[in-house]
>>> print(open('work_38.cif').read())   # mmCIF, C-alpha atoms and all ligand atoms
data_target
loop_
_atom_site.label_atom_id
_atom_site.label_comp_id
_atom_site.auth_asym_id
_atom_site.auth_seq_id
_atom_site.Cartn_x
_atom_site.Cartn_y
_atom_site.Cartn_z
CA MET A 277 -19.42 60.00 9.43
CA HIS A 278 -21.69 57.88 11.61
CA ASN A 279 -23.25 56.13 8.60
CA LYS A 280 -19.89 55.42 7.09
CA GLY A 281 -18.72 53.81 10.35
CA THR A 282 -21.78 51.57 10.49
CA SER A 283 -21.43 50.32 6.92
CA HIS A 284 -17.77 49.67 7.59
CA ASP A 285 -18.74 47.68 10.73
CA GLY A 286 -21.34 45.82 8.64
CA THR A 287 -18.71 44.81 6.13
CA ARG A 288 -16.40 43.71 8.91
CA ARG A 289 -19.17 41.69 10.51
CA ALA A 290 -20.08 40.06 7.17
CA LEU A 291 -16.45 39.22 6.64
CA PHE A 292 -16.20 37.79 10.15
CA PHE A 293 -19.23 35.52 9.63
CA ALA A 294 -17.97 34.46 6.23
CA LEU A 295 -14.69 33.42 7.87
CA LEU A 296 -16.57 31.73 10.71
CA LEU A 297 -18.55 29.67 8.19
CA ALA A 298 -15.43 28.82 6.22
CA LEU A 299 -13.56 27.69 9.33
CA PRO A 300 -15.16 24.26 10.04
CA PRO A 301 -14.72 22.98 6.46
CA ALA A 302 -11.17 24.35 6.44
CA LEU A 303 -10.40 22.57 9.72
CA LEU A 304 -12.02 19.36 8.51
CA GLY A 305 -10.10 19.57 5.25
CA GLY A 306 -6.91 20.18 7.19
CA ALA A 307 -7.60 17.27 9.53
CA TYR A 308 -8.35 15.03 6.57
CA TYR A 309 -5.21 16.18 4.79
CA TYR A 310 -3.12 15.74 7.94
CA GLY A 311 -4.61 12.33 8.70
CA TYR A 312 -4.26 11.10 5.16
CA ARG A 313 -0.83 12.42 4.26
CA GLU A 314 1.08 12.42 7.55
CA ARG A 315 -0.45 9.95 9.95
CA PRO A 316 -2.14 7.31 7.86
CA HIS A 317 -4.15 4.74 9.79
CA ARG A 318 -3.74 1.12 8.85
CA PRO A 319 -7.00 -0.26 7.52
CA VAL A 320 -8.74 -2.96 9.54
CA GLN A 321 -7.85 -6.27 7.86
CA PRO A 322 -9.87 -9.51 8.09
CA VAL A 323 -6.99 -11.06 10.08
CA PRO A 324 -4.41 -9.06 12.12
CA PHE A 325 -1.50 -10.25 9.96
CA THR A 326 2.00 -8.83 10.47
CA HIS A 327 4.84 -9.17 7.98
CA ALA A 328 7.39 -9.27 10.79
CA SER A 329 6.26 -12.72 12.03
CA HIS A 330 6.45 -14.12 8.53
CA THR A 331 9.55 -12.58 6.97
CA ASP A 332 11.98 -11.95 9.88
CA ALA A 333 14.97 -14.30 9.84
CA HIS A 334 14.30 -15.58 13.38
CA LYS A 335 10.58 -16.10 12.67
CA ALA A 336 9.04 -17.85 9.63
CA ALA A 337 11.77 -16.32 7.34
CA MET A 338 9.61 -16.49 4.21
CA PRO A 339 10.76 -14.72 1.04
CA CYS A 340 8.38 -12.00 -0.17
CA VAL A 341 7.55 -13.83 -3.38
CA ALA A 342 6.36 -16.92 -1.48
CA CYS A 343 3.17 -14.91 -0.94
CA HIS A 344 3.34 -12.23 -3.65
CA ASN A 345 4.44 -14.41 -6.54
CA GLY A 346 3.15 -12.10 -9.27
CA ALA A 347 5.87 -9.57 -8.52
CA GLU A 348 8.59 -11.31 -10.50
CA HIS A 349 6.80 -11.60 -13.82
CA THR A 350 3.53 -9.67 -13.93
CA ALA A 351 2.25 -6.13 -13.36
CA GLY A 352 0.59 -6.86 -10.01
CA ALA A 353 2.39 -8.52 -7.07
CA GLY A 354 -0.83 -10.25 -5.99
CA MET A 355 -2.06 -11.54 -2.63
CA PRO A 356 -1.53 -15.05 -1.29
CA ALA A 357 -4.32 -17.64 -1.52
CA ASP A 358 -5.86 -18.54 1.84
CA SER A 359 -4.66 -22.13 1.28
CA THR A 360 -1.05 -20.81 1.47
CA CYS A 361 -1.74 -19.56 5.00
CA LEU A 362 -3.34 -22.84 6.04
CA GLN A 363 -0.25 -24.82 5.04
CA CYS A 364 1.26 -23.48 8.27
CA HIS A 365 -1.71 -22.44 10.34
CA LEU A 366 -3.31 -25.86 10.50
CA HIS A 367 -0.28 -26.54 12.74
CA ILE A 368 0.96 -23.12 13.97
CA LEU A 369 -1.39 -21.28 16.37
CA PRO A 370 -4.19 -23.63 15.20
CA GLN A 371 -6.63 -22.53 17.94
CA ASP A 372 -5.70 -18.83 17.96
CA ALA A 373 -8.81 -16.60 17.83
CA ARG A 374 -7.01 -14.16 15.52
CA LEU A 375 -6.96 -16.90 12.88
CA ALA A 376 -10.65 -17.87 13.16
CA PRO A 377 -11.57 -15.82 10.04
CA LEU A 378 -8.89 -17.71 8.07
CA HIS A 379 -10.31 -21.08 9.12
CA ALA A 380 -13.84 -19.89 8.31
CA ALA A 381 -12.62 -18.82 4.87
CA ALA A 382 -10.62 -21.89 3.88
CA ASN A 383 -10.65 -24.77 6.35
CA LYS A 384 -13.52 -27.10 5.42
CA ASN A 385 -13.28 -28.84 8.81
CA ALA A 386 -13.55 -25.62 10.82
CA PRO A 387 -16.70 -24.59 12.67
CA GLY A 388 -18.26 -21.63 10.85
CA TYR A 389 -16.67 -22.56 7.50
CA THR A 390 -18.07 -20.33 4.72
CA GLY A 391 -15.58 -20.74 1.88
CA ASP A 392 -15.59 -16.95 1.29
CA ALA A 393 -11.98 -15.87 0.64
CA LEU A 394 -10.38 -13.30 2.95
CA ARG A 395 -10.65 -9.80 1.52
CA TRP A 396 -7.47 -7.84 2.19
CA VAL A 397 -7.74 -4.06 2.06
CA ARG A 398 -5.12 -2.33 -0.10
CA LYS A 399 -2.99 0.08 1.93
CA ALA A 400 -1.19 2.05 -0.77
CA PRO A 401 -2.83 1.80 -4.18
CA LEU A 402 -1.74 4.12 -7.00
CA PRO A 403 -4.32 6.36 -8.63
CA THR A 404 -5.71 4.73 -11.78
CA HIS A 405 -4.03 7.25 -14.09
CA VAL A 406 -0.58 5.81 -13.25
CA HIS A 407 0.66 2.51 -14.56
CA PHE A 408 3.26 0.45 -12.80
CA ASN A 409 4.68 -2.97 -13.63
CA HIS A 410 6.36 -5.08 -10.94
CA GLY A 411 7.96 -7.59 -13.30
CA GLN A 412 9.73 -4.85 -15.25
CA HIS A 413 11.33 -3.51 -12.04
CA VAL A 414 12.12 -6.79 -10.30
CA ARG A 415 13.76 -8.22 -13.45
CA ALA A 416 15.90 -5.04 -13.64
CA GLY A 417 17.20 -5.87 -10.14
CA VAL A 418 15.20 -3.38 -8.05
CA THR A 419 14.48 -5.07 -4.69
CA CYS A 420 11.13 -5.16 -2.90
CA ALA A 421 12.65 -3.30 0.07
CA GLN A 422 13.71 -0.33 -2.10
CA CYS A 423 10.03 0.46 -2.70
CA HIS A 424 8.45 -1.29 0.32
CA PRO A 425 10.87 -0.73 3.22
CA ALA A 426 8.09 -1.29 5.79
CA PRO A 427 5.26 -3.44 4.42
CA ASP A 428 3.40 -3.41 7.75
CA ALA A 429 3.11 0.38 7.60
CA GLN A 430 0.80 2.31 5.32
CA VAL A 431 3.12 4.41 3.18
CA PRO A 432 1.73 6.02 0.03
CA HIS A 433 3.90 5.74 -3.12
CA ARG A 434 5.07 9.17 -4.26
CA MET A 435 5.82 10.34 -7.77
CA SER A 436 8.97 12.02 -6.46
CA ALA A 437 10.35 8.61 -5.39
CA CYS A 438 9.70 7.17 -8.86
CA LEU A 439 11.40 10.16 -10.50
CA ASP A 440 14.43 10.19 -8.15
CA CYS A 441 15.29 6.59 -8.95
CA HIS A 442 14.55 6.94 -12.67
CA ARG A 443 16.89 9.95 -12.88
CA ASN A 444 19.64 8.07 -11.00
CA GLU A 445 19.24 5.01 -13.22
CA GLY A 446 18.94 6.95 -16.48
CA VAL A 447 15.38 5.70 -17.08
CA PRO A 448 13.18 8.05 -19.14
CA THR A 449 11.01 10.43 -17.09
CA ASP A 450 8.61 11.90 -19.66
CA CYS A 451 5.06 12.03 -18.29
CA SER A 452 3.52 9.54 -20.72
CA ARG A 453 5.80 6.70 -19.52
CA CYS A 454 3.82 6.53 -16.29
CA HIS A 455 0.58 8.41 -16.99
CA HIS A 456 -2.20 7.36 -19.34
C1 LIG B 501 5.62 -20.69 6.59
C2 LIG B 501 4.60 -20.76 7.62
C3 LIG B 501 3.55 -19.65 7.65
C4 LIG B 501 2.69 -19.26 6.65
C5 LIG B 501 2.62 -19.77 5.21
C6 LIG B 501 1.82 -18.28 7.22
N1 LIG B 501 2.12 -18.07 8.54
FE1 LIG B 501 1.20 -16.84 9.83
N2 LIG B 501 2.55 -17.24 11.26
C7 LIG B 501 3.61 -18.11 11.12
C8 LIG B 501 4.46 -18.03 12.31
C9 LIG B 501 5.74 -18.83 12.56
C10 LIG B 501 3.85 -17.09 13.16
C11 LIG B 501 4.34 -16.61 14.52
C12 LIG B 501 3.86 -17.59 15.53
C13 LIG B 501 4.13 -17.13 16.95
O1 LIG B 501 4.26 -15.92 17.19
O2 LIG B 501 4.20 -18.00 17.81
C14 LIG B 501 2.66 -16.63 12.47
C15 LIG B 501 1.76 -15.73 13.02
C16 LIG B 501 0.57 -15.33 12.42
C17 LIG B 501 -0.45 -14.51 13.03
C18 LIG B 501 -0.42 -13.95 14.45
C19 LIG B 501 -0.05 -12.45 14.35
C20 LIG B 501 1.34 -12.26 13.88
O3 LIG B 501 1.51 -11.81 12.73
O4 LIG B 501 2.29 -12.62 14.59
C21 LIG B 501 -1.42 -14.31 12.10
C22 LIG B 501 -2.70 -13.51 12.27
C23 LIG B 501 -1.01 -15.01 10.90
N3 LIG B 501 0.17 -15.64 11.14
C24 LIG B 501 -1.74 -15.03 9.73
C25 LIG B 501 -1.27 -15.60 8.54
C26 LIG B 501 -1.92 -15.44 7.26
C27 LIG B 501 -3.18 -14.65 7.02
C28 LIG B 501 -1.19 -16.14 6.36
C29 LIG B 501 -1.41 -16.22 4.88
C30 LIG B 501 -1.42 -14.94 4.17
C31 LIG B 501 -0.10 -16.75 7.07
N4 LIG B 501 -0.17 -16.38 8.39
C32 LIG B 501 0.83 -17.62 6.51
C33 LIG B 501 3.84 -18.94 10.05
C34 LIG B 501 3.20 -18.89 8.84
C1 LIG B 502 2.88 -15.10 4.55
C2 LIG B 502 2.58 -14.33 3.37
C3 LIG B 502 3.29 -13.02 3.11
C4 LIG B 502 4.64 -12.79 2.97
C5 LIG B 502 5.78 -13.80 3.13
C6 LIG B 502 4.79 -11.41 2.61
N1 LIG B 502 3.55 -10.82 2.55
FE1 LIG B 502 3.17 -8.92 2.00
N2 LIG B 502 1.18 -9.17 2.42
C7 LIG B 502 0.63 -10.34 2.85
C8 LIG B 502 -0.75 -10.12 3.23
C9 LIG B 502 -1.72 -11.16 3.79
C10 LIG B 502 -1.00 -8.74 2.98
C11 LIG B 502 -2.31 -7.98 3.26
C12 LIG B 502 -2.30 -7.45 4.69
C13 LIG B 502 -1.45 -6.25 4.86
O1 LIG B 502 -1.65 -5.28 4.10
O2 LIG B 502 -0.55 -6.26 5.73
C14 LIG B 502 0.24 -8.18 2.46
C15 LIG B 502 0.40 -6.87 2.07
C16 LIG B 502 1.58 -6.36 1.53
C17 LIG B 502 1.74 -5.01 1.04
C18 LIG B 502 0.67 -3.94 1.05
C19 LIG B 502 0.31 -3.51 -0.35
C20 LIG B 502 -0.91 -2.61 -0.40
O3 LIG B 502 -0.87 -1.61 -1.13
O4 LIG B 502 -1.89 -2.92 0.26
C21 LIG B 502 3.04 -4.89 0.63
C22 LIG B 502 3.70 -3.65 0.04
C23 LIG B 502 3.68 -6.15 0.87
N3 LIG B 502 2.76 -7.02 1.40
C24 LIG B 502 5.01 -6.39 0.61
C25 LIG B 502 5.69 -7.51 1.06
C26 LIG B 502 7.13 -7.63 1.07
C27 LIG B 502 8.10 -6.57 0.59
C28 LIG B 502 7.42 -8.86 1.59
C29 LIG B 502 8.80 -9.44 1.92
C30 LIG B 502 9.59 -8.63 2.86
C31 LIG B 502 6.14 -9.51 1.88
N4 LIG B 502 5.13 -8.65 1.57
C32 LIG B 502 5.99 -10.79 2.38
C33 LIG B 502 1.24 -11.57 2.93
C34 LIG B 502 2.61 -11.76 2.85
C1 LIG B 503 10.08 0.05 -8.12
C2 LIG B 503 9.22 -0.03 -6.98
C3 LIG B 503 8.65 -1.37 -6.55
C4 LIG B 503 9.29 -2.58 -6.42
C5 LIG B 503 10.74 -2.93 -6.75
C6 LIG B 503 8.32 -3.51 -5.88
N1 LIG B 503 7.13 -2.88 -5.70
FE1 LIG B 503 5.44 -3.67 -4.96
N2 LIG B 503 4.39 -1.99 -5.40
C7 LIG B 503 4.97 -0.84 -5.93
C8 LIG B 503 3.90 0.09 -6.26
C9 LIG B 503 4.09 1.46 -6.88
C10 LIG B 503 2.69 -0.54 -5.91
C11 LIG B 503 1.27 -0.01 -6.10
C12 LIG B 503 0.79 -0.50 -7.46
C13 LIG B 503 -0.64 -0.15 -7.79
O1 LIG B 503 -1.42 0.19 -6.91
O2 LIG B 503 -0.99 -0.26 -8.99
C14 LIG B 503 3.04 -1.84 -5.36
C15 LIG B 503 2.11 -2.78 -4.88
C16 LIG B 503 2.48 -3.96 -4.25
C17 LIG B 503 1.55 -4.87 -3.60
C18 LIG B 503 0.04 -4.70 -3.54
C19 LIG B 503 -0.67 -5.74 -4.37
C20 LIG B 503 -0.44 -5.66 -5.86
O3 LIG B 503 -0.71 -6.69 -6.55
O4 LIG B 503 -0.03 -4.63 -6.40
C21 LIG B 503 2.30 -5.89 -3.09
C22 LIG B 503 1.78 -7.09 -2.32
C23 LIG B 503 3.69 -5.63 -3.45
N3 LIG B 503 3.73 -4.45 -4.15
C24 LIG B 503 4.73 -6.47 -3.13
C25 LIG B 503 6.01 -6.37 -3.71
C26 LIG B 503 7.04 -7.41 -3.62
C27 LIG B 503 6.90 -8.70 -2.87
C28 LIG B 503 8.12 -6.95 -4.31
C29 LIG B 503 9.45 -7.64 -4.57
C30 LIG B 503 9.39 -8.96 -5.22
C31 LIG B 503 7.77 -5.63 -4.84
N4 LIG B 503 6.48 -5.34 -4.47
C32 LIG B 503 8.60 -4.83 -5.57
C33 LIG B 503 6.29 -0.60 -6.10
C34 LIG B 503 7.28 -1.57 -6.10
C1 LIG B 504 14.51 2.18 -7.05
C2 LIG B 504 14.41 2.48 -8.47
C3 LIG B 504 13.05 2.68 -9.12
C4 LIG B 504 11.91 3.19 -8.55
C5 LIG B 504 11.68 3.67 -7.13
C6 LIG B 504 10.92 3.21 -9.60
N1 LIG B 504 11.44 2.72 -10.77
FE1 LIG B 504 10.45 2.55 -12.54
N2 LIG B 504 12.10 1.77 -13.39
C7 LIG B 504 13.30 1.54 -12.75
C8 LIG B 504 14.22 0.90 -13.67
C9 LIG B 504 15.65 0.46 -13.35
C10 LIG B 504 13.53 0.76 -14.90
C11 LIG B 504 14.06 0.17 -16.20
C12 LIG B 504 13.64 -1.27 -16.27
C13 LIG B 504 14.11 -1.91 -17.57
O1 LIG B 504 15.31 -1.80 -17.87
O2 LIG B 504 13.26 -2.48 -18.26
C14 LIG B 504 12.20 1.34 -14.69
C15 LIG B 504 11.23 1.41 -15.67
C16 LIG B 504 9.97 1.93 -15.51
C17 LIG B 504 8.99 2.10 -16.54
C18 LIG B 504 9.19 1.79 -18.01
C19 LIG B 504 9.87 3.01 -18.63
C20 LIG B 504 10.03 2.84 -20.11
O3 LIG B 504 11.07 2.33 -20.52
O4 LIG B 504 9.10 3.22 -20.82
C21 LIG B 504 7.86 2.64 -15.98
C22 LIG B 504 6.56 3.00 -16.66
C23 LIG B 504 8.14 2.81 -14.57
N3 LIG B 504 9.43 2.38 -14.32
C24 LIG B 504 7.26 3.33 -13.65
C25 LIG B 504 7.57 3.58 -12.31
C26 LIG B 504 6.66 4.16 -11.35
C27 LIG B 504 5.24 4.58 -11.65
C28 LIG B 504 7.34 4.23 -10.17
C29 LIG B 504 6.86 4.77 -8.84
C30 LIG B 504 5.59 4.27 -8.35
C31 LIG B 504 8.66 3.71 -10.40
N4 LIG B 504 8.76 3.32 -11.70
C32 LIG B 504 9.62 3.65 -9.41
C33 LIG B 504 13.62 1.85 -11.45
C34 LIG B 504 12.74 2.39 -10.52
C1 LIG B 505 8.17 7.46 -13.16
C2 LIG B 505 6.75 7.62 -13.16
C3 LIG B 505 6.14 8.99 -13.32
C4 LIG B 505 6.48 9.97 -14.22
C5 LIG B 505 7.58 9.92 -15.27
C6 LIG B 505 5.56 11.06 -14.00
N1 LIG B 505 4.69 10.75 -12.98
FE1 LIG B 505 3.19 11.91 -12.27
N2 LIG B 505 2.71 10.52 -10.86
C7 LIG B 505 3.37 9.32 -10.71
C8 LIG B 505 2.82 8.63 -9.57
C9 LIG B 505 3.24 7.28 -9.03
C10 LIG B 505 1.77 9.45 -9.05
C11 LIG B 505 0.83 9.15 -7.87
C12 LIG B 505 1.52 9.42 -6.56
C13 LIG B 505 1.57 10.86 -6.22
O1 LIG B 505 0.54 11.56 -6.34
O2 LIG B 505 2.66 11.32 -5.81
C14 LIG B 505 1.76 10.65 -9.88
C15 LIG B 505 0.90 11.73 -9.69
C16 LIG B 505 0.85 12.84 -10.51
C17 LIG B 505 -0.09 13.92 -10.34
C18 LIG B 505 -1.07 14.07 -9.21
C19 LIG B 505 -2.39 13.57 -9.62
C20 LIG B 505 -3.31 13.38 -8.44
O3 LIG B 505 -4.04 12.38 -8.42
O4 LIG B 505 -3.28 14.19 -7.50
C21 LIG B 505 0.15 14.81 -11.36
C22 LIG B 505 -0.60 16.10 -11.63
C23 LIG B 505 1.23 14.27 -12.16
N3 LIG B 505 1.62 13.07 -11.61
C24 LIG B 505 1.77 14.87 -13.28
C25 LIG B 505 2.91 14.45 -13.95
C26 LIG B 505 3.56 15.20 -15.03
C27 LIG B 505 3.07 16.52 -15.60
C28 LIG B 505 4.64 14.47 -15.43
C29 LIG B 505 5.69 14.81 -16.48
C30 LIG B 505 6.42 16.03 -16.23
C31 LIG B 505 4.65 13.25 -14.60
N4 LIG B 505 3.61 13.29 -13.73
C32 LIG B 505 5.60 12.24 -14.72
C33 LIG B 505 4.38 8.82 -11.50
C34 LIG B 505 5.01 9.49 -12.53
#
>>> encode(input="work_38.cif", output="structure tokens", more="lines below")
Ligand code: HEC
Ligand code: HEC
Ligand code: HEC
Ligand code: HEC
Ligand code: HEC
Amino acid sequence: MHNKGTSHDGTRRALFFALLLALPPALLGGAYYYGYRERPHRPVQPVPFTHASHTDAHKAAMPCVACHNGAEHTAGAGMPADSTCLQCHLHILPQDARLAPLHAAANKNAPGYTGDALRWVRKAPLPTHVHFNHGQHVRAGVTCAQCHPAPDAQVPHRMSACLDCHRNEGVPTDCSRCHH
């Protein structure tokens, strides 16, 4: 009776410690999952660029393809050359400290000029096993905003969004269309 109780307690204790050990990784995993899926942080960019200042009608009112000109014809939308930014920023906010890295990258007359292009950090890349072609979608009349409603935010692209639209539009949805 007594022995049985002790071995039962032993098992309980072993189980308790096993759970205790499993808890920190489970919490970390949960925090990582929560942080990554639900509250993504924007990566630190070389310059604190916002789309709002550049695309809003009462601001610079630029069309998306003025900077991402690959989107109409090629697979990748592409990032603007630093010289595109300088076309305005030699004159707009020319002394602003936020733009110092831009001048260092591309303005030969700037103090601290290096000539090293700005390196933007991708916010929402697809995994490599999925292929996506911008030109194919933009030519079919899908707008940038349908897939990028908030380009300043970090919003991962979801397979379910691809499939919802494809089903609505009668586009094939077999796996191999999108996956290698
Ligand atoms: C067509 C002109 C134009 C071009 C091209 C342009 N900008 Fe701007 N930029 C503006 C205007 C207008 C503002 C808002 C100025 C203000 O608030 O007084 C601005 C503001 C900014 C700011 C201040 C933060 C913000 O977003 O309000 C940063 C940083 C910036 N631009 C970076 C860039 C970079 C990097 C590029 C190239 C990828 C670029 N700009 C291209 C016109 C331009
Ligand atoms: C003045 C140039 C400029 C214009 C105009 C512009 N962008 Fe951008 N875009 C950038 C720069 C610089 C970045 C990198 C910084 C960042 O991620 O915000 C960027 C990043 C992005 C990203 C993030 C992609 C990723 O996975 O990292 C998307 C999506 C995007 N732009 C869509 C748009 C759309 C849609 C429009 C029109 C509403 C637009 N852009 C107009 C310069 C521009
Ligand atoms: C049908 C949905 C869809 C449409 C329409 C679309 N995009 Fe994208 N965009 C994506 C996806 C998905 C990615 C991620 C691709 C990857 O990582 O391979 C992306 C990536 C980007 C990027 C990151 C850089 C790059 O070269 O991939 C930019 C910038 C961008 N899009 C801008 C635009 C602009 C501007 C338009 C409109 C002219 C546009 N997109 C239209 C879905 C779309
Ligand atoms: C808002 C609507 C919409 C969204 C969202 C969308 N697509 Fe599409 N997609 C289309 C349309 C429309 C076509 C047909 C284009 C044509 O007629 O050539 C298409 C075609 C395709 C094709 C070629 C299919 C074929 O004929 O073999 C691929 C691959 C593809 N999309 C991948 C994606 C992926 C990956 C995503 C999500 C990241 C996505 N699409 C999101 C509308 C969409
Ligand atoms: C229209 C394009 C499209 C089609 C069709 C499609 N997928 Fe996807 N799939 C994606 C995109 C985009 C992602 C990455 C985003 C995500 O994980 O939601 C993805 C992610 C996945 C993942 C997750 C992989 C990971 O990295 O976690 C699996 C598994 C998957 N797809 C399986 C399938 C299967 C099985 C089918 C066929 C029944 C299919 N997909 C059809 C676009 C597509």
>>> closest_atom_pairs(input="work_38.cif", of="chain A", to="ligand LIG 505 (chain B)", cutoff="7 Å", atoms="all atoms listed in the file", output="JSON lines")
{"residue": "A:Leu402", "atom": "CA", "partner": "B:LIG505", "partner_atom": "C11", "distance": 5.7}
{"residue": "A:Pro403", "atom": "CA", "partner": "B:LIG505", "partner_atom": "C11", "distance": 5.9}
{"residue": "A:Val406", "atom": "CA", "partner": "B:LIG505", "partner_atom": "C8", "distance": 5.7}
{"residue": "A:His433", "atom": "CA", "partner": "B:LIG505", "partner_atom": "C12", "distance": 5.6}
{"residue": "A:Arg434", "atom": "CA", "partner": "B:LIG505", "partner_atom": "O2", "distance": 3.6}
{"residue": "A:Met435", "atom": "CA", "partner": "B:LIG505", "partner_atom": "O2", "distance": 3.8}
{"residue": "A:Ser436", "atom": "CA", "partner": "B:LIG505", "partner_atom": "O2", "distance": 6.4}
{"residue": "A:Cys438", "atom": "CA", "partner": "B:LIG505", "partner_atom": "C1", "distance": 4.6}
{"residue": "A:Leu439", "atom": "CA", "partner": "B:LIG505", "partner_atom": "C1", "distance": 5.0}
{"residue": "A:His442", "atom": "CA", "partner": "B:LIG505", "partner_atom": "C1", "distance": 6.4}
{"residue": "A:Thr449", "atom": "CA", "partner": "B:LIG505", "partner_atom": "C5", "distance": 3.9}
{"residue": "A:Asp450", "atom": "CA", "partner": "B:LIG505", "partner_atom": "C5", "distance": 4.9}
{"residue": "A:Cys451", "atom": "CA", "partner": "B:LIG505", "partner_atom": "C29", "distance": 3.4}
{"residue": "A:Ser452", "atom": "CA", "partner": "B:LIG505", "partner_atom": "C5", "distance": 6.8}
{"residue": "A:Arg453", "atom": "CA", "partner": "B:LIG505", "partner_atom": "C5", "distance": 5.6}
{"residue": "A:Cys454", "atom": "CA", "partner": "B:LIG505", "partner_atom": "C2", "distance": 4.4}
{"residue": "A:His455", "atom": "CA", "partner": "B:LIG505", "partner_atom": "N1", "distance": 6.2}
>>> atom_distance(input="work_38.cif", atom1="atom C8 of ligand LIG 504 (chain B)", atom2="atom CA of A:Ala353")
16.5 Å
>>> closest_atom_pairs(input="work_38.cif", of="chain A", to="ligand LIG 501 (chain B)", cutoff="10 Å", atoms="only C-alpha atoms and all ligand atoms", output="CSV")
residue,atom,partner,partner_atom,distance
A:Gln321,CA,B:LIG501,C27,9.6
A:Pro322,CA,B:LIG501,C27,8.5
A:Val323,CA,B:LIG501,C22,5.4
A:Pro324,CA,B:LIG501,C22,4.8
A:Phe325,CA,B:LIG501,C22,4.2
A:Thr326,CA,B:LIG501,O3,3.8
A:His327,CA,B:LIG501,O3,6.4
A:Ala328,CA,B:LIG501,O3,6.7
A:Ser329,CA,B:LIG501,O4,4.7
A:His330,CA,B:LIG501,C7,5.5
A:Thr331,CA,B:LIG501,C1,9.0
A:Asp332,CA,B:LIG501,C9,9.7
A:His334,CA,B:LIG501,C9,9.2
A:Lys335,CA,B:LIG501,C9,5.6
A:Ala336,CA,B:LIG501,C9,4.5
A:Ala337,CA,B:LIG501,C1,7.6
A:Met338,CA,B:LIG501,C1,6.3
A:Pro339,CA,B:LIG501,C1,9.6
A:Ala342,CA,B:LIG501,C5,8.2
A:Cys343,CA,B:LIG501,C30,6.9
A:His344,CA,B:LIG501,C30,9.5
A:Met355,CA,B:LIG501,C30,7.6
A:Pro356,CA,B:LIG501,C30,5.5
A:Ala357,CA,B:LIG501,C30,6.9
A:Asp358,CA,B:LIG501,C29,5.9
A:Ser359,CA,B:LIG501,C29,7.6
A:Thr360,CA,B:LIG501,C5,5.3
A:Cys361,CA,B:LIG501,C29,3.4
A:Leu362,CA,B:LIG501,C32,6.7
A:Gln363,CA,B:LIG501,C5,5.8
A:Cys364,CA,B:LIG501,C2,4.4
A:His365,CA,B:LIG501,N1,6.1
A:Leu366,CA,B:LIG501,C34,9.7
A:His367,CA,B:LIG501,C33,9.1
A:Ile368,CA,B:LIG501,C7,6.3
A:Leu369,CA,B:LIG501,C12,6.5
A:Pro370,CA,B:LIG501,C16,10.0
A:Asp372,CA,B:LIG501,C18,8.0
A:Ala373,CA,B:LIG501,C22,8.8
A:Arg374,CA,B:LIG501,C22,5.4
A:Leu375,CA,B:LIG501,C22,5.5
A:Ala376,CA,B:LIG501,C22,9.1
A:Pro377,CA,B:LIG501,C27,9.0
A:Leu378,CA,B:LIG501,C27,6.6
A:His379,CA,B:LIG501,C27,9.8
A:Leu394,CA,B:LIG501,C27,8.4
A:Trp396,CA,B:LIG501,C27,9.4
A:Asp428,CA,B:LIG501,O3,9.9
>>> residues_around(input="work_38.cif", residues="A:Asp392", least_positions_apart="3", cutoff="9 Å", atoms="all atoms listed in the file", output="VMD selection string")
chain A and resid 380 to 382 389 395
>>> atom_distance(input="work_38.cif", atom1="atom FE1 of ligand LIG 504 (chain B)", atom2="atom CA of A:Ala429")
21.5 Å
>>> closest_residue(input="work_38.cif", among="A:Cys420, A:Ala333, A:Val431, A:Val320", to="ligand LIG 502 (chain B)", atoms="all atoms listed in the file")
A:Cys420
>>> atom_distance(input="work_38.cif", atom1="atom CA of A:Ala347", atom2="atom CA of A:Asn383")
26.9 Å
>>> closest_residue(input="work_38.cif", among="A:Ala386, A:Ala421, A:Ala393, A:Ala416", to="ligand LIG 504 (chain B)", atoms="only C-alpha atoms and all ligand atoms")
A:Ala416
>>> closest_residue(input="work_38.cif", among="A:Arg318, A:His405, A:Lys399, A:His410", to="A:Gly352", atoms="all atoms listed in the file")
A:His410
>>> closest_residue(input="work_38.cif", among="A:Asn385, A:Thr390, A:Asn409, A:Gln371", to="ligand LIG 504 (chain B)", atoms="all atoms listed in the file")
A:Asn409
>>> closest_residue(input="work_38.cif", among="A:Thr350, A:Gln430, A:Asn444, A:Gln412", to="ligand LIG 502 (chain B)", atoms="only C-alpha atoms and all ligand atoms")
A:Gln430
>>> closest_residue(input="work_38.cif", among="A:Gly346, A:Pro401, A:Pro319, A:Gly417", to="ligand LIG 503 (chain B)", atoms="all atoms listed in the file")
A:Pro401
>>> axis_aligned_box(input="work_38.cif", around="ligand LIG 502 (chain B)", padding_each_side="6 Å", output="AutoDock Vina command-line options")
--center_x 3.6 --center_y -8.4 --center_z 2.3 --size_x 23.9 --size_y 25.5 --size_z 18.9
>>> decode(input="work_38.cif", residues="stretch 322-333 of chain A", atoms="C-alpha atoms", output="mmCIF file, in the first residue's frame")
data_model
loop_
_atom_site.group_PDB
_atom_site.id
_atom_site.type_symbol
_atom_site.label_atom_id
_atom_site.label_comp_id
_atom_site.auth_asym_id
_atom_site.auth_seq_id
_atom_site.Cartn_x
_atom_site.Cartn_y
_atom_site.Cartn_z
ATOM 1 C CA PRO A 322 17.989 51.844 -43.735
ATOM 2 C CA VAL A 323 15.737 54.926 -44.046
ATOM 3 C CA PRO A 324 12.395 55.394 -42.186
ATOM 4 C CA PHE A 325 10.400 55.531 -45.435
ATOM 5 C CA THR A 326 6.595 55.646 -45.364
ATOM 6 C CA HIS A 327 4.366 54.946 -48.343
ATOM 7 C CA ALA A 328 1.780 57.429 -47.097
ATOM 8 C CA SER A 329 4.015 60.469 -47.758
ATOM 9 C CA HIS A 330 4.727 59.273 -51.270
ATOM 10 C CA THR A 331 1.443 57.858 -52.565
ATOM 11 C CA ASP A 332 -1.317 59.850 -50.780
ATOM 12 C CA ALA A 333 -3.158 62.223 -53.109
#
